[in-house]
$ cat query_11.cif   # mmCIF, N, CA and C atoms; chains and numbers go by the auth columns
data_coords
loop_
_atom_site.group_PDB
_atom_site.id
_atom_site.type_symbol
_atom_site.label_atom_id
_atom_site.label_comp_id
_atom_site.label_asym_id
_atom_site.label_seq_id
_atom_site.Cartn_x
_atom_site.Cartn_y
_atom_site.Cartn_z
_atom_site.B_iso_or_equiv
_atom_site.auth_seq_id
_atom_site.auth_asym_id
ATOM 1 N N MET A 1 -67.913 -24.471 25.821 0.00 1 A
ATOM 2 C CA MET A 1 -69.025 -25.384 26.011 0.00 1 A
ATOM 3 C C MET A 1 -69.895 -25.362 24.764 0.00 1 A
ATOM 4 N N ARG A 2 -70.249 -26.534 24.261 0.00 2 A
ATOM 5 C CA ARG A 2 -71.087 -26.644 23.074 0.00 2 A
ATOM 6 C C ARG A 2 -72.551 -26.758 23.466 0.00 2 A
ATOM 7 N N PRO A 3 -73.440 -26.130 22.704 0.00 3 A
ATOM 8 C CA PRO A 3 -74.867 -26.320 22.953 0.00 3 A
ATOM 9 C C PRO A 3 -75.248 -27.772 22.697 0.00 3 A
ATOM 10 N N ARG A 4 -76.181 -28.305 23.465 0.00 4 A
ATOM 11 C CA ARG A 4 -76.568 -29.706 23.355 0.00 4 A
ATOM 12 C C ARG A 4 -77.900 -29.928 22.660 0.00 4 A
ATOM 13 N N LYS A 5 -78.613 -28.881 22.312 0.00 5 A
ATOM 14 C CA LYS A 5 -79.919 -29.046 21.678 0.00 5 A
ATOM 15 C C LYS A 5 -79.787 -29.227 20.179 0.00 5 A
ATOM 16 N N SER A 6 -80.638 -30.077 19.639 0.00 6 A
ATOM 17 C CA SER A 6 -80.744 -30.210 18.193 0.00 6 A
ATOM 18 C C SER A 6 -81.779 -29.200 17.701 0.00 6 A
ATOM 19 N N GLY A 7 -81.788 -28.968 16.398 0.00 7 A
ATOM 20 C CA GLY A 7 -82.807 -28.115 15.804 0.00 7 A
ATOM 21 C C GLY A 7 -82.401 -26.682 15.595 0.00 7 A
ATOM 22 N N GLY A 8 -81.268 -26.258 16.153 0.00 8 A
ATOM 23 C CA GLY A 8 -80.818 -24.881 15.960 0.00 8 A
ATOM 24 C C GLY A 8 -80.402 -24.639 14.521 0.00 8 A
ATOM 25 N N TRP A 9 -80.541 -23.397 14.071 0.00 9 A
ATOM 26 C CA TRP A 9 -80.183 -23.021 12.705 0.00 9 A
ATOM 27 C C TRP A 9 -78.751 -22.520 12.654 0.00 9 A
ATOM 28 N N ILE A 10 -78.114 -22.766 11.518 0.00 10 A
ATOM 29 C CA ILE A 10 -76.743 -22.321 11.326 0.00 10 A
ATOM 30 C C ILE A 10 -76.595 -21.842 9.882 0.00 10 A
ATOM 31 N N ALA A 11 -75.827 -20.773 9.692 0.00 11 A
ATOM 32 C CA ALA A 11 -75.550 -20.243 8.354 0.00 11 A
ATOM 33 C C ALA A 11 -74.085 -19.826 8.306 0.00 11 A
ATOM 34 N N PHE A 12 -73.411 -20.168 7.220 0.00 12 A
ATOM 35 C CA PHE A 12 -72.001 -19.824 7.086 0.00 12 A
ATOM 36 C C PHE A 12 -71.584 -19.930 5.624 0.00 12 A
ATOM 37 N N ASP A 13 -70.408 -19.367 5.322 0.00 13 A
ATOM 38 C CA ASP A 13 -69.765 -19.506 4.013 0.00 13 A
ATOM 39 C C ASP A 13 -68.597 -20.463 4.179 0.00 13 A
ATOM 40 N N ILE A 14 -68.362 -21.257 3.142 0.00 14 A
ATOM 41 C CA ILE A 14 -67.273 -22.224 3.187 0.00 14 A
ATOM 42 C C ILE A 14 -66.582 -22.251 1.830 0.00 14 A
ATOM 43 N N ARG A 15 -65.286 -22.296 1.840 0.00 15 A
ATOM 44 C CA ARG A 15 -64.524 -22.379 0.587 0.00 15 A
ATOM 45 C C ARG A 15 -64.942 -23.635 -0.178 0.00 15 A
ATOM 46 N N GLU A 16 -65.116 -23.525 -1.481 0.00 16 A
ATOM 47 C CA GLU A 16 -65.663 -24.640 -2.258 0.00 16 A
ATOM 48 C C GLU A 16 -64.813 -25.899 -2.154 0.00 16 A
ATOM 49 N N THR A 17 -63.508 -25.768 -1.950 0.00 17 A
ATOM 50 C CA THR A 17 -62.655 -26.959 -1.848 0.00 17 A
ATOM 51 C C THR A 17 -62.968 -27.786 -0.605 0.00 17 A
ATOM 52 N N PHE A 18 -63.581 -27.181 0.420 0.00 18 A
ATOM 53 C CA PHE A 18 -63.951 -27.935 1.620 0.00 18 A
ATOM 54 C C PHE A 18 -65.039 -28.977 1.329 0.00 18 A
ATOM 55 N N LEU A 19 -65.808 -28.774 0.267 0.00 19 A
ATOM 56 C CA LEU A 19 -66.870 -29.722 -0.066 0.00 19 A
ATOM 57 C C LEU A 19 -66.408 -30.806 -1.031 0.00 19 A
ATOM 58 N N ASP A 20 -65.166 -30.733 -1.473 0.00 20 A
ATOM 59 C CA ASP A 20 -64.611 -31.755 -2.347 0.00 20 A
ATOM 60 C C ASP A 20 -64.402 -33.047 -1.554 0.00 20 A
ATOM 61 N N THR A 21 -64.703 -34.179 -2.143 0.00 21 A
ATOM 62 C CA THR A 21 -64.588 -35.458 -1.421 0.00 21 A
ATOM 63 C C THR A 21 -63.152 -35.795 -1.045 0.00 21 A
ATOM 64 N N SER A 22 -62.169 -35.153 -1.677 0.00 22 A
ATOM 65 C CA SER A 22 -60.770 -35.428 -1.332 0.00 22 A
ATOM 66 C C SER A 22 -60.324 -34.673 -0.078 0.00 22 A
ATOM 67 N N ASP A 23 -61.094 -33.667 0.352 0.00 23 A
ATOM 68 C CA ASP A 23 -60.744 -32.890 1.550 0.00 23 A
ATOM 69 C C ASP A 23 -61.072 -33.710 2.791 0.00 23 A
ATOM 70 N N ARG A 24 -60.102 -33.901 3.666 0.00 24 A
ATOM 71 C CA ARG A 24 -60.285 -34.698 4.884 0.00 24 A
ATOM 72 C C ARG A 24 -60.186 -33.864 6.161 0.00 24 A
ATOM 73 N N SER A 25 -60.282 -32.549 6.036 0.00 25 A
ATOM 74 C CA SER A 25 -60.196 -31.688 7.216 0.00 25 A
ATOM 75 C C SER A 25 -61.415 -31.898 8.114 0.00 25 A
ATOM 76 N N GLY A 26 -61.284 -31.510 9.366 0.00 26 A
ATOM 77 C CA GLY A 26 -62.385 -31.656 10.317 0.00 26 A
ATOM 78 C C GLY A 26 -63.618 -30.885 9.895 0.00 26 A
ATOM 79 N N PHE A 27 -63.417 -29.691 9.339 0.00 27 A
ATOM 80 C CA PHE A 27 -64.558 -28.890 8.934 0.00 27 A
ATOM 81 C C PHE A 27 -65.292 -29.543 7.776 0.00 27 A
ATOM 82 N N SER A 28 -64.547 -30.057 6.830 0.00 28 A
ATOM 83 C CA SER A 28 -65.149 -30.732 5.679 0.00 28 A
ATOM 84 C C SER A 28 -65.947 -31.956 6.122 0.00 28 A
ATOM 85 N N ARG A 29 -65.379 -32.752 7.031 0.00 29 A
ATOM 86 C CA ARG A 29 -66.080 -33.940 7.536 0.00 29 A
ATOM 87 C C ARG A 29 -67.349 -33.543 8.275 0.00 29 A
ATOM 88 N N THR A 30 -67.302 -32.446 9.003 0.00 30 A
ATOM 89 C CA THR A 30 -68.475 -31.981 9.745 0.00 30 A
ATOM 90 C C THR A 30 -69.624 -31.656 8.800 0.00 30 A
ATOM 91 N N VAL A 31 -69.326 -30.982 7.692 0.00 31 A
ATOM 92 C CA VAL A 31 -70.364 -30.616 6.730 0.00 31 A
ATOM 93 C C VAL A 31 -70.946 -31.868 6.074 0.00 31 A
ATOM 94 N N ARG A 32 -70.102 -32.850 5.762 0.00 32 A
ATOM 95 C CA ARG A 32 -70.563 -34.062 5.068 0.00 32 A
ATOM 96 C C ARG A 32 -71.058 -35.138 6.030 0.00 32 A
ATOM 97 N N ASP A 33 -70.907 -34.947 7.321 0.00 33 A
ATOM 98 C CA ASP A 33 -71.169 -35.995 8.317 0.00 33 A
ATOM 99 C C ASP A 33 -72.628 -36.061 8.763 0.00 33 A
ATOM 100 N N ASP A 34 -73.528 -35.438 8.049 0.00 34 A
ATOM 101 C CA ASP A 34 -74.957 -35.481 8.350 0.00 34 A
ATOM 102 C C ASP A 34 -75.298 -34.844 9.699 0.00 34 A
ATOM 103 N N CYS A 35 -74.462 -33.915 10.162 0.00 35 A
ATOM 104 C CA CYS A 35 -74.767 -33.168 11.392 0.00 35 A
ATOM 105 C C CYS A 35 -75.807 -32.091 11.114 0.00 35 A
ATOM 106 N N LEU A 36 -75.914 -31.692 9.845 0.00 36 A
ATOM 107 C CA LEU A 36 -76.834 -30.627 9.460 0.00 36 A
ATOM 108 C C LEU A 36 -77.864 -31.141 8.463 0.00 36 A
ATOM 109 N N LYS A 37 -79.081 -30.660 8.610 0.00 37 A
ATOM 110 C CA LYS A 37 -80.094 -30.863 7.584 0.00 37 A
ATOM 111 C C LYS A 37 -79.983 -29.652 6.680 0.00 37 A
ATOM 112 N N LEU A 38 -79.485 -29.856 5.468 0.00 38 A
ATOM 113 C CA LEU A 38 -79.221 -28.766 4.544 0.00 38 A
ATOM 114 C C LEU A 38 -80.524 -28.183 4.014 0.00 38 A
ATOM 115 N N HIS A 39 -80.669 -26.860 4.128 0.00 39 A
ATOM 116 C CA HIS A 39 -81.848 -26.169 3.612 0.00 39 A
ATOM 117 C C HIS A 39 -81.516 -25.312 2.399 0.00 39 A
ATOM 118 N N HIS A 40 -80.284 -24.835 2.323 0.00 40 A
ATOM 119 C CA HIS A 40 -79.902 -24.002 1.179 0.00 40 A
ATOM 120 C C HIS A 40 -78.399 -24.110 0.965 0.00 40 A
ATOM 121 N N LEU A 41 -78.020 -24.259 -0.297 0.00 41 A
ATOM 122 C CA LEU A 41 -76.615 -24.302 -0.697 0.00 41 A
ATOM 123 C C LEU A 41 -76.495 -23.477 -1.972 0.00 41 A
ATOM 124 N N GLU A 42 -75.644 -22.457 -1.939 0.00 42 A
ATOM 125 C CA GLU A 42 -75.508 -21.580 -3.102 0.00 42 A
ATOM 126 C C GLU A 42 -74.046 -21.238 -3.328 0.00 42 A
ATOM 127 N N ARG A 43 -73.562 -21.497 -4.531 0.00 43 A
ATOM 128 C CA ARG A 43 -72.178 -21.177 -4.900 0.00 43 A
ATOM 129 C C ARG A 43 -72.100 -19.696 -5.246 0.00 43 A
ATOM 130 N N GLN A 44 -71.066 -19.028 -4.701 0.00 44 A
ATOM 131 C CA GLN A 44 -70.904 -17.592 -4.920 0.00 44 A
ATOM 132 C C GLN A 44 -69.469 -17.275 -5.301 0.00 44 A
ATOM 133 N N ARG A 45 -69.310 -16.295 -6.182 0.00 45 A
ATOM 134 C CA ARG A 45 -67.966 -15.813 -6.479 0.00 45 A
ATOM 135 C C ARG A 45 -67.515 -14.972 -5.298 0.00 45 A
ATOM 136 N N HIS A 46 -66.386 -15.327 -4.722 0.00 46 A
ATOM 137 C CA HIS A 46 -65.898 -14.646 -3.521 0.00 46 A
ATOM 138 C C HIS A 46 -64.915 -13.530 -3.866 0.00 46 A
ATOM 139 N N GLY A 47 -64.133 -13.746 -4.903 0.00 47 A
ATOM 140 C CA GLY A 47 -63.132 -12.755 -5.281 0.00 47 A
ATOM 141 C C GLY A 47 -62.073 -13.380 -6.160 0.00 47 A
ATOM 142 N N LEU A 48 -60.889 -12.781 -6.154 0.00 48 A
ATOM 143 C CA LEU A 48 -59.776 -13.268 -6.961 0.00 48 A
ATOM 144 C C LEU A 48 -58.599 -13.629 -6.074 0.00 48 A
ATOM 145 N N SER A 49 -57.873 -14.673 -6.472 0.00 49 A
ATOM 146 C CA SER A 49 -56.637 -15.023 -5.781 0.00 49 A
ATOM 147 C C SER A 49 -55.547 -14.042 -6.202 0.00 49 A
ATOM 148 N N ILE A 50 -54.407 -14.101 -5.575 0.00 50 A
ATOM 149 C CA ILE A 50 -53.280 -13.235 -5.932 0.00 50 A
ATOM 150 C C ILE A 50 -52.867 -13.471 -7.382 0.00 50 A
ATOM 151 N N LYS A 51 -53.043 -14.708 -7.862 0.00 51 A
ATOM 152 C CA LYS A 51 -52.690 -15.050 -9.245 0.00 51 A
ATOM 153 C C LYS A 51 -53.777 -14.648 -10.240 0.00 51 A
ATOM 154 N N GLY A 52 -54.890 -14.110 -9.749 0.00 52 A
ATOM 155 C CA GLY A 52 -55.961 -13.677 -10.623 0.00 52 A
ATOM 156 C C GLY A 52 -57.017 -14.743 -10.909 0.00 52 A
ATOM 157 N N ASN A 53 -56.926 -15.879 -10.231 0.00 53 A
ATOM 158 C CA ASN A 53 -57.921 -16.937 -10.404 0.00 53 A
ATOM 159 C C ASN A 53 -59.167 -16.640 -9.575 0.00 53 A
ATOM 160 N N MET A 54 -60.326 -17.030 -10.102 0.00 54 A
ATOM 161 C CA MET A 54 -61.582 -16.838 -9.382 0.00 54 A
ATOM 162 C C MET A 54 -61.609 -17.727 -8.134 0.00 54 A
ATOM 163 N N LEU A 55 -62.105 -17.193 -7.035 0.00 55 A
ATOM 164 C CA LEU A 55 -62.304 -17.953 -5.806 0.00 55 A
ATOM 165 C C LEU A 55 -63.805 -18.088 -5.581 0.00 55 A
ATOM 166 N N TYR A 56 -64.244 -19.305 -5.288 0.00 56 A
ATOM 167 C CA TYR A 56 -65.662 -19.556 -5.059 0.00 56 A
ATOM 168 C C TYR A 56 -65.876 -20.109 -3.657 0.00 56 A
ATOM 169 N N TYR A 57 -66.970 -19.687 -3.060 0.00 57 A
ATOM 170 C CA TYR A 57 -67.397 -20.166 -1.754 0.00 57 A
ATOM 171 C C TYR A 57 -68.835 -20.652 -1.886 0.00 57 A
ATOM 172 N N TYR A 58 -69.276 -21.444 -0.913 0.00 58 A
ATOM 173 C CA TYR A 58 -70.675 -21.846 -0.834 0.00 58 A
ATOM 174 C C TYR A 58 -71.300 -21.205 0.389 0.00 58 A
ATOM 175 N N ALA A 59 -72.476 -20.627 0.209 0.00 59 A
ATOM 176 C CA ALA A 59 -73.291 -20.166 1.337 0.00 59 A
ATOM 177 C C ALA A 59 -74.147 -21.369 1.740 0.00 59 A
ATOM 178 N N ILE A 60 -74.135 -21.692 3.019 0.00 60 A
ATOM 179 C CA ILE A 60 -74.854 -22.860 3.520 0.00 60 A
ATOM 180 C C ILE A 60 -75.784 -22.429 4.645 0.00 60 A
ATOM 181 N N VAL A 61 -77.023 -22.878 4.577 0.00 61 A
ATOM 182 C CA VAL A 61 -77.990 -22.683 5.647 0.00 61 A
ATOM 183 C C VAL A 61 -78.523 -24.068 5.998 0.00 61 A
ATOM 184 N N GLY A 62 -78.460 -24.405 7.271 0.00 62 A
ATOM 185 C CA GLY A 62 -78.921 -25.722 7.688 0.00 62 A
ATOM 186 C C GLY A 62 -79.447 -25.715 9.106 0.00 62 A
ATOM 187 N N GLN A 63 -79.985 -26.854 9.486 0.00 63 A
ATOM 188 C CA GLN A 63 -80.527 -27.038 10.826 0.00 63 A
ATOM 189 C C GLN A 63 -79.772 -28.186 11.492 0.00 63 A
ATOM 190 N N LYS A 64 -79.358 -27.966 12.720 0.00 64 A
ATOM 191 C CA LYS A 64 -78.564 -28.947 13.455 0.00 64 A
ATOM 192 C C LYS A 64 -79.378 -30.215 13.710 0.00 64 A
ATOM 193 N N ARG A 65 -78.788 -31.374 13.367 0.00 65 A
ATOM 194 C CA ARG A 65 -79.434 -32.671 13.624 0.00 65 A
ATOM 195 C C ARG A 65 -78.923 -33.308 14.910 0.00 65 A
ATOM 196 N N ARG A 66 -77.638 -33.072 15.188 0.00 66 A
ATOM 197 C CA ARG A 66 -77.010 -33.673 16.377 0.00 66 A
ATOM 198 C C ARG A 66 -75.714 -32.936 16.667 0.00 66 A
ATOM 199 N N ASP A 67 -75.084 -33.274 17.772 0.00 67 A
ATOM 200 C CA ASP A 67 -73.811 -32.664 18.115 0.00 67 A
ATOM 201 C C ASP A 67 -72.735 -33.048 17.117 0.00 67 A
ATOM 202 N N ILE A 68 -71.787 -32.167 16.926 0.00 68 A
ATOM 203 C CA ILE A 68 -70.616 -32.447 16.110 0.00 68 A
ATOM 204 C C ILE A 68 -69.684 -33.315 16.938 0.00 68 A
ATOM 205 N N GLY A 69 -69.181 -34.382 16.345 0.00 69 A
ATOM 206 C CA GLY A 69 -68.304 -35.303 17.081 0.00 69 A
ATOM 207 C C GLY A 69 -66.990 -34.684 17.468 0.00 69 A
ATOM 208 N N ASP A 70 -66.405 -35.150 18.561 0.00 70 A
ATOM 209 C CA ASP A 70 -65.132 -34.632 19.045 0.00 70 A
ATOM 210 C C ASP A 70 -64.005 -34.821 18.021 0.00 70 A
ATOM 211 N N ALA A 71 -64.037 -35.919 17.256 0.00 71 A
ATOM 212 C CA ALA A 71 -63.015 -36.161 16.247 0.00 71 A
ATOM 213 C C ALA A 71 -63.047 -35.074 15.182 0.00 71 A
ATOM 214 N N CYS A 72 -64.230 -34.660 14.778 0.00 72 A
ATOM 215 C CA CYS A 72 -64.341 -33.584 13.790 0.00 72 A
ATOM 216 C C CYS A 72 -63.881 -32.260 14.374 0.00 72 A
ATOM 217 N N LEU A 73 -64.245 -31.995 15.612 0.00 73 A
ATOM 218 C CA LEU A 73 -63.852 -30.738 16.253 0.00 73 A
ATOM 219 C C LEU A 73 -62.338 -30.644 16.390 0.00 73 A
ATOM 220 N N ALA A 74 -61.693 -31.775 16.653 0.00 74 A
ATOM 221 C CA ALA A 74 -60.248 -31.781 16.827 0.00 74 A
ATOM 222 C C ALA A 74 -59.540 -31.375 15.542 0.00 74 A
ATOM 223 N N GLY A 75 -60.165 -31.638 14.390 0.00 75 A
ATOM 224 C CA GLY A 75 -59.554 -31.309 13.103 0.00 75 A
ATOM 225 C C GLY A 75 -59.836 -29.909 12.612 0.00 75 A
ATOM 226 N N LEU A 76 -60.607 -29.116 13.363 0.00 76 A
ATOM 227 C CA LEU A 76 -60.961 -27.764 12.902 0.00 76 A
ATOM 228 C C LEU A 76 -59.778 -26.820 13.048 0.00 76 A
#

$ encode --input "query_11.cif" --output "structure tokens"
Amino acid sequence: MRPRKSGGWIAFDIRETFLDTSDRSGFSRTVRDDCLKLHHLERQRHGLSIKGNMLYYYAIVGQKRRDIGDACLAGL
């Protein structure tokens, strides 16, 4: 069951590729779909890939504006 109230706070880390406009996953659409009022976005070095490439994530803090649509949830 999903909470139905707006205004709740949410904080999470997300792989930087999820914020790329070419990403069409449900999670990416949820972040870009104006469901959250963004309060803080910070890029962080997360670690190294097996190939030795740097991995970056974004720390996101936001406030819920509305429910996440079922179409976005289905893609998570």

$ residues_near_point --input "query_11.cif" --point "(-80.6, -25.7, 0.6)" --cutoff "6.5 Å" --atoms "all atoms listed in the file" --output "MDAnalysis selection string"
chainID A and resid 38:42 61

$ atom_distance --input "query_11.cif" --atom1 "atom N of Ile60 (chain A)" --atom2 "atom N of Asp13 (chain A)"
5.0 Å

$ residues_around --input "query_11.cif" --residues "Thr17 (chain A)" --least-positions-apart "2" --cutoff "12 Å" --atoms "only C-alpha atoms" --output "list in words"
Asp13, Ile14, Arg15, Leu19, Asp20, Thr21, Ser22, Asp23, Arg24, Ser25, Phe27, Ser28, Arg43, Leu55, Tyr56, Tyr57 and Tyr58 of chain A

$ atom_distance --input "query_11.cif" --atom1 "atom N of Leu48 (chain A)" --atom2 "CA of Phe18 (chain A)"
17.3 Å

$ closest_residue --input "query_11.cif" --among "A:Lys64, A:Arg45, A:Lys37, A:Lys51" --to "Trp9 (chain A)" --atoms "only C-alpha atoms"
A:Lys64

$ resolve_selection --input "query_11.cif" --expression "the PyMOL selection byres ((chain A and resi 65) around 8)" --output "ChimeraX atom specification"
/A:5-8,34-37,62-64,66-68

$ atom_distance --input "query_11.cif" --atom1 "atom N of Phe12 (chain A)" --atom2 "atom C of Ala59 (chain A)"
5.7 Å
